[in-house]
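Q: Next up, query-v2.txt (compact mmCIF, C-alpha atoms).
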# COMPACT_ATOMS: atom_id res chain seq x y z
CA MET A 1 5.71 15.66 19.39
CA PRO A 2 8.04 13.71 17.02
CA GLU A 3 7.45 13.91 13.31
CA THR A 4 5.35 11.02 12.01
CA ILE A 5 6.11 9.14 8.81
CA ASP A 6 3.01 7.27 7.77
CA CYS A 7 3.88 4.10 5.87
CA ARG A 8 0.69 2.23 6.65
CA GLY A 9 -0.46 0.02 3.80
CA LEU A 10 2.75 0.50 1.85
CA SER A 11 4.73 -2.54 0.86
CA CYS A 12 8.49 -2.76 0.92
CA PRO A 13 10.76 -1.20 -0.07
CA GLU A 14 8.63 1.97 0.08
CA PRO A 15 8.62 2.30 3.89
CA VAL A 16 12.41 1.93 3.94
CA LEU A 17 12.83 4.43 1.10
CA LYS A 18 10.61 6.98 2.84
CA THR A 19 12.33 6.51 6.18
CA ARG A 20 15.82 6.73 4.74
CA GLN A 21 14.95 9.85 2.78
CA GLU A 22 13.70 11.46 5.99
CA LEU A 23 16.61 10.31 8.15
CA LEU A 24 19.27 11.34 5.63
CA GLN A 25 18.14 14.96 5.86
CA ALA A 26 17.02 14.64 9.46
CA SER A 27 16.08 17.90 11.10
CA ASP A 28 14.62 16.27 14.21
CA ASP A 29 16.12 13.87 16.70
CA THR A 30 13.14 11.58 16.95
CA TYR A 31 10.73 10.18 14.43
CA GLU A 32 7.68 8.03 14.67
CA ILE A 33 7.07 5.62 11.84
CA LEU A 34 3.81 3.79 11.29
CA VAL A 35 3.83 0.54 9.33
CA SER A 36 1.18 -2.12 8.94
CA ASN A 37 3.11 -5.33 8.52
CA ALA A 38 5.98 -7.24 10.05
CA VAL A 39 8.08 -7.12 6.89
CA ALA A 40 8.06 -3.31 6.86
CA ARG A 41 8.72 -3.29 10.61
CA ASP A 42 11.81 -5.49 10.26
CA ASN A 43 13.13 -3.69 7.20
CA VAL A 44 12.72 -0.19 8.60
CA LYS A 45 14.26 -1.33 11.86
CA ARG A 46 17.26 -2.80 10.07
CA ALA A 47 17.69 0.23 7.81
CA ALA A 48 17.46 2.77 10.64
CA GLY A 49 19.74 0.65 12.80
CA SER A 50 22.38 0.47 10.11
CA MET A 51 22.24 4.28 9.84
CA GLY A 52 23.07 4.50 13.52
CA TRP A 53 19.63 5.32 14.91
CA LYS A 54 18.06 3.69 17.94
CA VAL A 55 14.77 1.94 17.27
CA SER A 56 12.02 0.80 19.59
CA VAL A 57 8.93 -1.02 18.37
CA GLU A 58 5.44 -0.87 19.75
CA GLU A 59 2.53 -2.93 18.53
CA THR A 60 -0.58 -0.95 17.71
CA GLY A 61 -4.01 -2.29 16.84
CA GLU A 62 -3.46 -1.88 13.12
CA GLY A 63 0.26 -2.59 12.86
CA PHE A 64 3.42 -1.24 14.44
CA LYS A 65 4.77 2.08 15.63
CA LEU A 66 8.52 2.50 15.46
CA GLU A 67 10.17 5.18 17.55
CA ILE A 68 13.46 6.19 16.03
CA SER A 69 15.91 8.44 17.81
CA ARG A 70 19.57 9.29 17.61
CA MET B 1 23.65 -12.11 12.74
CA ARG B 2 21.10 -14.79 13.54
CA ASP B 3 18.84 -13.42 10.80
CA ARG B 4 21.66 -13.62 8.29
CA LEU B 5 22.43 -17.22 9.18
CA PHE B 6 18.75 -18.07 8.92
CA ILE B 7 18.26 -16.62 5.46
CA ALA B 8 21.46 -18.25 4.19
CA LEU B 9 20.23 -21.53 5.63
CA ALA B 10 16.84 -21.08 3.96
CA GLY B 11 18.55 -20.44 0.64
CA ALA B 12 20.70 -23.53 1.16
CA VAL B 13 17.60 -25.65 1.78
CA VAL B 14 15.98 -24.33 -1.41
CA GLY B 15 19.14 -25.18 -3.37
CA LEU B 16 19.37 -28.65 -1.87
CA LEU B 17 15.68 -29.45 -2.40
CA ALA B 18 15.94 -28.25 -6.00
CA VAL B 19 18.72 -30.78 -6.67
CA ILE B 20 16.78 -33.57 -4.96
CA LEU B 21 13.55 -32.77 -6.85
CA VAL B 22 15.39 -33.07 -10.17
CA LEU B 23 16.97 -36.37 -9.10
CA GLN B 24 13.49 -37.58 -8.18
CA GLY B 25 11.87 -36.71 -11.49
CA ASN B 26 11.49 -32.96 -12.06
CA PRO B 27 12.76 -31.63 -15.42
CA ALA B 28 16.49 -30.82 -15.38
CA ASN B 29 17.52 -27.53 -13.77
CA MET B 30 13.88 -27.20 -12.73
CA GLY B 31 13.76 -28.32 -9.13
CA PHE B 32 11.82 -25.16 -8.62
CA CYS B 33 10.60 -22.78 -11.29
CA ILE B 34 7.72 -20.71 -10.06
CA ALA B 35 6.84 -19.27 -13.46
CA CYS B 36 7.08 -22.66 -15.21
CA PHE B 37 5.03 -24.35 -12.49
CA ILE B 38 2.30 -21.70 -12.51
CA ARG B 39 2.28 -22.08 -16.29
CA ASP B 40 1.94 -25.87 -15.88
CA ILE B 41 -0.99 -25.37 -13.49
CA THR B 42 -2.61 -22.97 -15.97
CA GLY B 43 -2.28 -25.71 -18.59
CA GLY B 44 -3.51 -28.41 -16.22
CA LEU B 45 -6.68 -26.37 -15.81
CA GLY B 46 -7.01 -26.23 -19.58
CA LEU B 47 -6.52 -22.47 -19.81
CA HIS B 48 -3.82 -23.09 -22.38
CA ARG B 49 -3.47 -26.14 -24.58
CA ALA B 50 0.28 -26.59 -24.92
CA ALA B 51 0.16 -30.34 -24.34
CA VAL B 52 3.73 -30.66 -23.07
CA VAL B 53 3.38 -28.25 -20.12
CA GLN B 54 0.25 -29.25 -18.22
CA TYR B 55 0.48 -30.43 -14.62
CA LEU B 56 -0.91 -29.28 -11.27
CA ARG B 57 2.51 -28.81 -9.67
CA PRO B 58 2.43 -29.80 -5.99
CA GLU B 59 5.37 -27.49 -5.20
CA ILE B 60 3.19 -24.42 -5.82
CA ILE B 61 0.39 -25.79 -3.64
CA GLY B 62 2.93 -26.48 -0.89
CA LEU B 63 4.50 -23.02 -1.11
CA VAL B 64 1.15 -21.28 -0.62
CA LEU B 65 0.01 -23.59 2.17
CA GLY B 66 3.39 -23.47 3.92
CA ALA B 67 3.34 -19.68 3.93
CA PHE B 68 -0.30 -19.66 5.04
CA ILE B 69 0.19 -22.00 8.00
CA THR B 70 3.32 -20.16 9.11
CA ALA B 71 1.70 -16.74 8.81
CA LEU B 72 -1.22 -17.93 10.90
CA TYR B 73 1.12 -19.42 13.48
CA VAL B 74 3.26 -16.29 13.89
CA LYS B 75 0.17 -14.05 13.68
CA GLU B 76 1.27 -12.34 10.48
CA PHE B 77 -1.72 -13.51 8.48
CA ARG B 78 -3.70 -10.46 7.44
CA SER B 79 -6.29 -10.03 4.74
CA THR B 80 -5.30 -6.96 2.75
CA GLY B 81 -5.67 -5.67 -0.78
CA GLY B 82 -6.78 -2.78 -2.93
CA SER B 83 -3.41 -1.43 -3.99
CA SER B 84 -3.71 -0.96 -7.77
CA PRO B 85 -5.14 -4.42 -8.53
CA VAL B 86 -5.42 -3.79 -12.27
CA LEU B 87 -1.81 -2.69 -12.63
CA ARG B 88 -0.68 -5.64 -10.53
CA PHE B 89 -2.59 -8.01 -12.81
CA PHE B 90 -0.80 -6.54 -15.83
CA LEU B 91 2.57 -6.63 -14.06
CA GLY B 92 1.95 -10.32 -13.34
CA MET B 93 1.18 -10.93 -17.00
CA LEU B 94 4.31 -9.12 -18.13
CA MET B 95 6.47 -10.86 -15.54
CA MET B 96 5.24 -14.21 -16.90
CA ALA B 97 5.74 -13.09 -20.50
CA GLY B 98 9.41 -12.29 -19.82
CA ALA B 99 9.93 -15.52 -17.90
CA LEU B 100 8.47 -17.63 -20.72
CA ILE B 101 10.74 -15.93 -23.25
CA PHE B 102 13.79 -16.89 -21.16
CA LEU B 103 12.19 -20.16 -20.00
CA GLY B 104 12.38 -19.67 -16.28
CA CYS B 105 11.66 -17.40 -13.36
CA PRO B 106 14.60 -15.81 -11.49
CA LEU B 107 14.75 -18.85 -9.20
CA ARG B 108 15.23 -21.13 -12.19
CA LEU B 109 17.78 -18.68 -13.56
CA VAL B 110 19.89 -19.38 -10.47
CA LEU B 111 19.29 -23.12 -10.78
CA ARG B 112 20.15 -23.13 -14.48
CA LEU B 113 23.35 -21.29 -13.64
CA ALA B 114 24.11 -23.88 -10.98
CA GLY B 115 23.59 -26.60 -13.59
CA GLY B 116 26.17 -25.06 -15.92
CA ASP B 117 23.67 -23.54 -18.36
CA TRP B 118 25.63 -20.53 -19.56
CA ASN B 119 22.55 -19.10 -21.28
CA ALA B 120 21.51 -18.16 -17.75
CA LEU B 121 24.82 -16.34 -17.37
CA VAL B 122 23.74 -14.15 -20.29
CA ALA B 123 20.29 -13.64 -18.76
CA LEU B 124 21.57 -12.65 -15.31
CA PRO B 125 22.91 -9.21 -16.31
CA GLY B 126 19.62 -8.67 -18.17
CA TYR B 127 17.76 -9.38 -14.95
CA VAL B 128 20.01 -7.03 -12.97
CA LEU B 129 19.48 -4.34 -15.61
CA GLY B 130 15.69 -4.72 -15.32
CA ILE B 131 15.90 -4.39 -11.54
CA TRP B 132 18.17 -1.36 -11.87
CA PHE B 133 15.60 0.32 -14.14
CA GLY B 134 12.99 -0.54 -11.55
CA THR B 135 14.96 1.13 -8.76
CA LEU B 136 15.14 4.31 -10.86
CA PHE B 137 11.35 4.37 -10.86
CA LEU B 138 11.23 3.66 -7.13
CA ARG B 139 13.67 6.47 -6.37
CA ARG B 140 11.51 8.87 -8.34
CA GLY B 141 8.47 7.99 -6.30
CA PHE B 142 6.85 5.04 -8.08
CA THR B 143 4.18 3.50 -5.87
CA LEU B 144 1.17 1.28 -6.40
CA GLY B 145 -0.48 2.98 -3.43
CA ARG B 146 -1.55 1.81 -0.02
CA SER B 147 -3.35 -1.44 0.61
CA GLN B 148 -6.29 -1.66 2.99
CA ASP B 149 -7.66 -4.35 5.22
CA GLN B 150 -10.13 -6.58 3.41
CA SER B 151 -12.71 -9.04 4.64
CA ALA B 152 -11.15 -12.22 6.00
CA VAL B 153 -12.73 -14.23 3.16
CA SER B 154 -10.47 -12.46 0.68
CA GLY B 155 -7.35 -13.40 2.61
CA TYR B 156 -8.26 -17.08 2.69
CA SER B 157 -8.66 -17.21 -1.10
CA ALA B 158 -5.11 -18.33 -1.91
CA PRO B 159 -4.95 -21.21 0.60
CA PHE B 160 -8.49 -22.22 -0.42
CA LEU B 161 -7.50 -22.36 -4.09
CA ALA B 162 -4.36 -24.30 -3.16
CA ILE B 163 -6.48 -26.92 -1.43
CA VAL B 164 -8.86 -27.11 -4.40
CA LEU B 165 -5.84 -27.70 -6.66
CA LEU B 166 -4.57 -30.40 -4.30
CA ILE B 167 -7.92 -32.19 -4.42
CA LEU B 168 -8.00 -31.96 -8.22
CA LEU B 169 -4.44 -33.25 -8.36
CA ILE B 170 -5.21 -36.29 -6.23
CA ALA B 171 -8.63 -37.02 -7.72
CA ALA B 172 -7.35 -36.35 -11.27
CA PRO B 173 -10.76 -35.94 -12.91
CA ALA B 174 -10.94 -36.21 -16.70
CA PHE B 175 -11.25 -32.45 -17.25
CA ILE B 176 -7.81 -31.79 -15.73
CA PHE B 177 -4.94 -32.05 -18.22
CA PHE B 178 -1.80 -34.00 -17.38
CA SER B 179 1.01 -33.95 -19.95
CA GLU B 180 1.96 -37.35 -21.31
CA GLU B 181 5.28 -36.15 -22.69
CA GLY B 182 7.59 -33.17 -22.32
CA PRO B 183 8.47 -31.24 -19.15
CA GLY B 184 4.87 -31.34 -17.92
CA SER B 185 5.02 -35.13 -17.71
CA MET B 186 8.11 -35.03 -15.50
CA GLY B 187 7.66 -34.56 -11.80
CA ALA B 188 8.96 -35.78 -8.48
CA PRO B 189 6.56 -37.98 -6.45
CA LEU B 190 3.60 -36.00 -5.14
CA ALA B 191 4.43 -36.29 -1.44
CA LEU B 192 8.04 -35.20 -1.95
CA ALA B 193 7.12 -32.28 -4.21
CA LEU B 194 4.36 -31.14 -1.86
CA GLY B 195 6.63 -31.52 1.18
CA ALA B 196 9.43 -29.57 -0.49
CA GLY B 197 6.97 -26.81 -1.35
CA LEU B 198 5.65 -26.71 2.21
CA LEU B 199 9.13 -26.48 3.70
CA VAL B 200 10.22 -23.73 1.34
CA GLY B 201 6.91 -21.93 1.96
CA ILE B 202 7.61 -21.94 5.69
CA LEU B 203 11.22 -20.78 5.30
CA ALA B 204 10.40 -18.15 2.70
CA GLN B 205 7.62 -16.72 4.86
CA ARG B 206 9.95 -16.37 7.82
CA THR B 207 13.00 -15.06 5.95
CA ARG B 208 11.15 -12.98 3.26
CA LEU B 209 13.42 -14.64 0.69
CA CYS B 210 12.99 -12.88 -2.66
CA THR B 211 15.13 -13.29 -5.76
CA MET B 212 14.31 -9.74 -6.88
CA GLY B 213 14.64 -8.10 -3.46
CA ALA B 214 18.10 -9.69 -3.20
CA ILE B 215 19.41 -7.55 -6.04
CA ARG B 216 17.10 -4.56 -5.54
CA ASP B 217 18.26 -4.02 -1.94
CA LEU B 218 21.89 -4.27 -3.01
CA ILE B 219 21.33 -1.52 -5.58
CA LEU B 220 19.09 0.68 -3.45
CA PHE B 221 20.61 0.33 0.01
CA ARG B 222 23.83 -1.68 -0.33
CA ASP B 223 21.95 -4.11 1.89
CA TYR B 224 23.01 -7.69 1.22
CA HIS B 225 20.63 -9.41 3.65
CA LEU B 226 18.33 -10.96 1.02
CA PHE B 227 21.27 -11.52 -1.30
CA LEU B 228 22.71 -14.01 1.18
CA GLY B 229 19.71 -16.26 0.58
CA PHE B 230 20.00 -15.82 -3.18
CA ALA B 231 23.70 -16.69 -3.13
CA ALA B 232 23.15 -19.69 -0.87
CA ILE B 233 20.66 -21.18 -3.34
CA PHE B 234 23.30 -20.98 -6.05
CA VAL B 235 26.21 -22.32 -4.02
CA VAL B 236 24.35 -25.32 -2.61
CA ALA B 237 22.65 -26.19 -5.91
CA LEU B 238 26.02 -25.94 -7.66
CA ILE B 239 27.69 -28.27 -5.17
CA GLY B 240 24.70 -30.62 -5.29
CA ASN B 241 24.71 -30.71 -9.08
CA MET B 242 28.45 -31.36 -9.19
CA ALA B 243 28.19 -34.14 -6.62
CA THR B 244 25.38 -35.89 -8.49
CA GLY B 245 26.71 -35.48 -12.03
CA GLN B 246 24.07 -32.93 -13.03
CA PHE B 247 26.55 -30.13 -13.75
CA ASN B 248 26.94 -29.93 -17.54
CA PRO B 249 28.58 -26.64 -18.52
CA GLY B 250 27.86 -25.14 -21.92
CA PHE B 251 25.47 -23.15 -24.07
CA ILE B 252 24.10 -25.76 -26.44
CA GLY B 253 21.76 -28.61 -25.66
CA GLN B 254 20.81 -27.32 -22.19
CA PRO B 255 17.54 -28.73 -20.81
CA VAL B 256 14.41 -26.62 -21.42
CA ALA B 257 16.49 -23.71 -22.70
CA HIS B 258 17.42 -21.96 -25.93
CA VAL B 259 20.55 -20.17 -27.11
CA GLY B 260 18.92 -16.90 -28.23
CA SER B 261 21.15 -14.70 -26.09
CA ILE B 262 19.43 -11.40 -26.87
CA TRP B 263 16.06 -12.86 -25.88
CA ASN B 264 17.41 -14.54 -22.78
CA PHE B 265 18.89 -11.21 -21.73
CA LEU B 266 15.87 -9.04 -22.56
CA GLY B 267 13.35 -11.60 -21.33
CA MET B 268 14.87 -11.37 -17.88
CA THR B 269 15.05 -7.57 -18.13
CA VAL B 270 11.27 -7.68 -18.47
CA VAL B 271 11.00 -9.98 -15.45
CA GLY B 272 13.33 -7.84 -13.32
CA LEU B 273 11.56 -4.58 -14.08
CA ALA B 274 8.08 -6.08 -13.66
CA ALA B 275 9.10 -7.72 -10.38
CA VAL B 276 10.39 -4.45 -8.92
CA LEU B 277 7.22 -2.59 -9.87
CA ALA B 278 5.07 -5.44 -8.51
CA GLY B 279 7.13 -5.58 -5.30
CA GLY B 280 8.30 -9.19 -5.51
CA CYS B 281 9.53 -12.04 -7.66
CA PRO B 282 7.10 -14.82 -8.65
CA MET B 283 7.94 -16.88 -5.56
CA ARG B 284 7.50 -13.93 -3.24
CA GLN B 285 4.07 -13.24 -4.76
CA LEU B 286 3.00 -16.80 -3.90
CA ILE B 287 4.24 -16.45 -0.33
CA LEU B 288 2.46 -13.11 0.15
CA SER B 289 -0.73 -14.64 -1.29
CA GLY B 290 -0.53 -17.27 1.41
CA GLU B 291 -0.18 -14.52 4.03
CA GLY B 292 -3.53 -13.11 2.93
CA GLN B 293 -2.38 -10.36 0.58
CA GLY B 294 -4.97 -10.06 -2.16
CA ASP B 295 -2.64 -7.79 -4.12
CA ALA B 296 -0.16 -10.63 -4.47
CA LEU B 297 -2.86 -13.13 -5.44
CA ILE B 298 -4.02 -10.75 -8.19
CA THR B 299 -0.43 -10.73 -9.45
CA VAL B 300 -0.44 -14.54 -9.50
CA PHE B 301 -3.71 -14.48 -11.46
CA GLY B 302 -2.02 -12.07 -13.86
CA MET B 303 0.82 -14.56 -14.21
CA MET B 304 -1.68 -17.29 -15.06
CA ALA B 305 -3.33 -15.06 -17.65
CA GLY B 306 0.13 -14.26 -19.02
CA ALA B 307 0.96 -17.96 -19.29
CA ALA B 308 -2.29 -18.66 -21.13
CA PHE B 309 -1.66 -15.71 -23.46
CA MET B 310 1.91 -16.75 -24.23
CA HIS B 311 1.06 -20.37 -24.98
CA ASN B 312 -2.31 -19.92 -26.70
CA PHE B 313 -0.69 -17.56 -29.19
CA SER B 314 2.57 -19.56 -29.42
CA LEU B 315 4.64 -16.65 -28.13
CA ALA B 316 6.58 -18.48 -25.43
CA GLY B 317 10.18 -19.47 -26.04
CA SER B 318 11.02 -23.12 -26.66
CA PRO B 319 14.24 -25.09 -27.07
CA ALA B 320 14.00 -24.06 -30.75
CA GLY B 321 14.23 -20.40 -29.75
CA VAL B 322 11.93 -17.39 -29.64
CA SER B 323 9.53 -16.87 -32.56
CA PRO B 324 9.38 -13.47 -34.32
CA ALA B 325 6.04 -12.82 -32.62
CA GLY B 326 7.61 -13.69 -29.27
CA GLN B 327 10.41 -11.24 -30.01
CA TRP B 328 7.83 -8.51 -30.55
CA ILE B 329 6.28 -9.40 -27.21
CA VAL B 330 9.60 -8.62 -25.50
CA PHE B 331 9.65 -5.07 -26.88
CA ILE B 332 5.94 -4.53 -26.25
CA SER B 333 6.40 -5.73 -22.66
CA LEU B 334 9.32 -3.37 -22.08
CA ALA B 335 7.33 -0.48 -23.56
CA LEU B 336 4.31 -1.24 -21.36
CA LEU B 337 6.49 -1.47 -18.26
CA PHE B 338 8.04 1.92 -18.99
CA ILE B 339 4.59 3.40 -19.56
CA ILE B 340 3.34 1.96 -16.25
CA GLY B 341 6.44 3.18 -14.41
CA ALA B 342 6.74 6.62 -15.94
CA GLY B 343 3.00 7.26 -16.00
CA ASN B 344 2.81 6.47 -12.30
CA ILE B 345 5.62 8.89 -11.48
CA VAL B 346 3.97 11.72 -13.43
CA VAL B 347 0.67 11.13 -11.64
CA GLN B 348 2.41 10.99 -8.24
CA ALA B 349 4.24 14.25 -8.93
CA LYS B 350 1.01 15.99 -9.94
CA ALA B 351 -0.76 14.74 -6.81
CA LYS B 352 2.08 16.10 -4.69
CA GLN B 353 1.80 19.52 -6.35
CA LEU B 354 -1.93 19.60 -5.68
CA ASP B 355 -1.27 18.61 -2.07
CA LYS B 356 1.14 21.49 -1.68
CA LYS B 357 -1.31 23.96 -3.18
CA ALA B 358 -4.07 22.74 -0.89
CA SER B 359 -1.95 23.15 2.21
As structure tokens - that is how I would like this structure written.

A:
Amino acid sequence: MPETIDCRGLSCPEPVLKTRQELLQASDDTYEILVSNAVARDNVKRAAGSMGWKVSVEETGEGFKLEISR
Amino acid sequence: MRDRLFIALAGAVVGLLAVILVLQGNPANMGFCIACFIRDITGGLGLHRAAVVQYLRPEIIGLVLGAFITALYVKEFRSTGGSSPVLRFFLGMLMMAGALIFLGCPLRLVLRLAGGDWNALVALPGYVLGIWFGTLFLRRGFTLGRSQDQSAVSGYSAPFLAIVLLILLIAAPAFIFFSEEGPGSMGAPLALALGAGLLVGILAQRTRLCTMGAIRDLILFRDYHLFLGFAAIFVVALIGNMATGQFNPGFIGQPVAHVGSIWNFLGMTVVGLAAVLAGGCPMRQLILSGEGQGDALITVFGMMAGAAFMHNFSLAGSPAGVSPAGQWIVFISLALLFIIGAGNIVVQAKAKQLDKKAS
């Protein structure tokens, strides 16, 4: 079960800040990030990508789930 | 790569349209000024009585409707809200207060710079400083909290109001104020201004163009994605102004501007800090309103209240400068912003401690 970072309802840059904070001191190899809008999805994806993580996006009923792994 | 090209292109279009709008009748260096135009609309509705700045600006109507239509089309329209509405209202007011001290929103700052108005060159580092302060708060955990889904009716409020304004603009009933002189009397033809607004609304919705995010992301993440759009606005407007004889470098005698350097600098510090805490520059707030975000619309309402406040009490800057009362407003605004930012961080830290104890 990957660790979940819940960024639902947060507006940027908070989801990116939270994700980066987590990834910079990453103890796990996979994370699951929940966001509720396309802006947060794109920004988190770009931020994680630029830090060298692989990102896959899945649409959920209430937003998006990003699976991040290294 | 494609994204980067797209946002640079969007910025270029904004810069080009700004030059064209001025050639076609908008006040100089004011192809777009979101704060000024919202202020003009506030005056047009009679909520302030500064006779020279009253007009229902079609650009604003177009921006909201352009973002709305695009958001619907790409299925990003979503009615949300409930993230610290009261604080957002105040942040909107303060953002407007700072902008009316400097005489322009960040977008007009770029356009003034591109027109050779060196007072904007003084204001730019002030703006960056405000954003830098804002990022300090963000790094320490500042948040306005999560938004929730709201009833669809809430989300349609901004486009509905835009259409009401459009009807009032075209019908021009007697109770709507239209300036007969001054900047408020100057405007490009309705169809052009509305069309320009629509186009920029569409592009800004897709690219998330934000004049605050451009600098914030550079400071926070060394991410220059949004900055590309910001820079493109400047470069294209500069070239356009030079090509059409609208580039007049200097400090003195600049259109709708004053030479009070301290106030230009600090006014934009207020705008930068308020924009970071509110999560977007004035333009971005309009775009998000169109996407159904009630939190952004509340911020716009706050901006309108701020405009009314600044003009009803003669606090706004003018070509003559900033009045002593207006100068006080700058310091009061900065103090309030620091209270909002620091107070929020203290509360967040306490909540975290309680969370830890509970678990």

Q: May I have the residues within 10 Å of stretch 8-21 of chain A as a compact mmCIF listing (two decimals) with C-alpha atoms, keeping the file's coordinate frame, using all atoms listed in the file and disregarding those fewer than 4 positions away in the same chain?

A:
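Result file result21.txt:
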# COMPACT_ATOMS: atom_id res chain seq x y z
CA GLN A 25 18.14 14.96 5.86
CA ALA A 26 17.02 14.64 9.46
CA TYR A 31 10.73 10.18 14.43
CA GLU A 32 7.68 8.03 14.67
CA ILE A 33 7.07 5.62 11.84
CA LEU A 34 3.81 3.79 11.29
CA VAL A 35 3.83 0.54 9.33
CA SER A 36 1.18 -2.12 8.94
CA ASN A 37 3.11 -5.33 8.52
CA VAL A 39 8.08 -7.12 6.89
CA ALA A 40 8.06 -3.31 6.86
CA ARG A 41 8.72 -3.29 10.61
CA ASP A 42 11.81 -5.49 10.26
CA ASN A 43 13.13 -3.69 7.20
CA VAL A 44 12.72 -0.19 8.60
CA LYS A 45 14.26 -1.33 11.86
CA ARG A 46 17.26 -2.80 10.07
CA ALA A 47 17.69 0.23 7.81
CA ALA A 48 17.46 2.77 10.64
CA MET A 51 22.24 4.28 9.84
CA GLU A 62 -3.46 -1.88 13.12
CA GLY A 63 0.26 -2.59 12.86
CA PHE A 64 3.42 -1.24 14.44
CA LYS A 65 4.77 2.08 15.63
CA ILE A 68 13.46 6.19 16.03
CA THR B 80 -5.30 -6.96 2.75
CA GLY B 81 -5.67 -5.67 -0.78
CA GLY B 82 -6.78 -2.78 -2.93
CA SER B 83 -3.41 -1.43 -3.99
CA THR B 135 14.96 1.13 -8.76
CA LEU B 138 11.23 3.66 -7.13
CA ARG B 139 13.67 6.47 -6.37
CA GLY B 141 8.47 7.99 -6.30
CA PHE B 142 6.85 5.04 -8.08
CA THR B 143 4.18 3.50 -5.87
CA LEU B 144 1.17 1.28 -6.40
CA GLY B 145 -0.48 2.98 -3.43
CA ARG B 146 -1.55 1.81 -0.02
CA SER B 147 -3.35 -1.44 0.61
CA GLN B 148 -6.29 -1.66 2.99
CA ASP B 149 -7.66 -4.35 5.22
CA GLY B 213 14.64 -8.10 -3.46
CA ARG B 216 17.10 -4.56 -5.54
CA ASP B 217 18.26 -4.02 -1.94
CA LEU B 220 19.09 0.68 -3.45
CA PHE B 221 20.61 0.33 0.01
CA VAL B 276 10.39 -4.45 -8.92
CA ALA B 278 5.07 -5.44 -8.51
CA GLY B 279 7.13 -5.58 -5.30
CA GLY B 280 8.30 -9.19 -5.51

Q: For each of B:Gly104, B:Pro58, B:Gly116, B:Gly44, take the minimum atom-to-atom distance to B:Pro249, counting all atoms listed in the file, then give the residue where this is smallest.

A: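 Nearest candidate to B:Pro249 out of B:Gly104, B:Pro58, B:Gly116, B:Gly44: B:Gly116.
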
Q: In Å to one decimal, how far is atom CA of B:Ile215 from atom CA of B:Leu124?

A: 10.8 Å

Q: When you draw a straight line from atom CA of A:Glu59 to atom CA of B:Ser79, how long is it in Å?

A: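 For atom CA of A:Glu59 relative to atom CA of B:Ser79, the distance reads 17.8 Å.
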
Q: For B:Asn264, which of B:Leu111, B:Ala191, B:Ala316, B:Leu45 is the closest residue, counting only C-alpha atoms?

A: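 The answer is B:Ala316, which sits nearest to B:Asn264.
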
Q: Quick one: distance from atom CA of B:Trp328 to atom CA of B:Trp263 in Å, one decimal?

A: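 Atom CA of B:Trp328 sits 10.4 Å away from atom CA of B:Trp263.
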
Q: Can you tell me, as a JSON list (two decimals) with C-alpha atoms, in the coordinates of the input, what residues are no more than 8 Å from B:Val271 when counting only C-alpha atoms, ignoring any on the same chain fewer than 3 positions away?

A:
[["chain", "number", "residue", "atom", "x", "y", "z"],
["B", 94, "LEU", "CA", 4.31, -9.12, -18.13],
["B", 95, "MET", "CA", 6.47, -10.86, -15.54],
["B", 96, "MET", "CA", 5.24, -14.21, -16.90],
["B", 97, "ALA", "CA", 5.74, -13.09, -20.50],
["B", 98, "GLY", "CA", 9.41, -12.29, -19.82],
["B", 99, "ALA", "CA", 9.93, -15.52, -17.90],
["B", 105, "CYS", "CA", 11.66, -17.40, -13.36],
["B", 106, "PRO", "CA", 14.60, -15.81, -11.49],
["B", 127, "TYR", "CA", 17.76, -9.38, -14.95],
["B", 130, "GLY", "CA", 15.69, -4.72, -15.32],
["B", 267, "GLY", "CA", 13.35, -11.60, -21.33],
["B", 268, "MET", "CA", 14.87, -11.37, -17.88],
["B", 274, "ALA", "CA", 8.08, -6.08, -13.66],
["B", 275, "ALA", "CA", 9.10, -7.72, -10.38]]

Q: With all atoms listed in the file as the atoms that count, which of B:Ile340, B:Leu226, B:Leu354, B:Leu273 lies nearest to B:Leu5?

A: B:Leu226

Q: Between B:Leu192, B:Leu277, B:Ala174, B:Ile167, which has the minimum distance to B:Gly25 (counting all atoms listed in the file)?

A: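 So, comparing all the options, the nearest one is B:Leu192.
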
Q: Which residue out of B:Gly317, B:Gly184, B:Gly253, B:Gly294 has the minimum interatomic distance to B:Asp117 when all atoms listed in the file are used?

A: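 For B:Asp117, the nearest of the candidates is B:Gly253.
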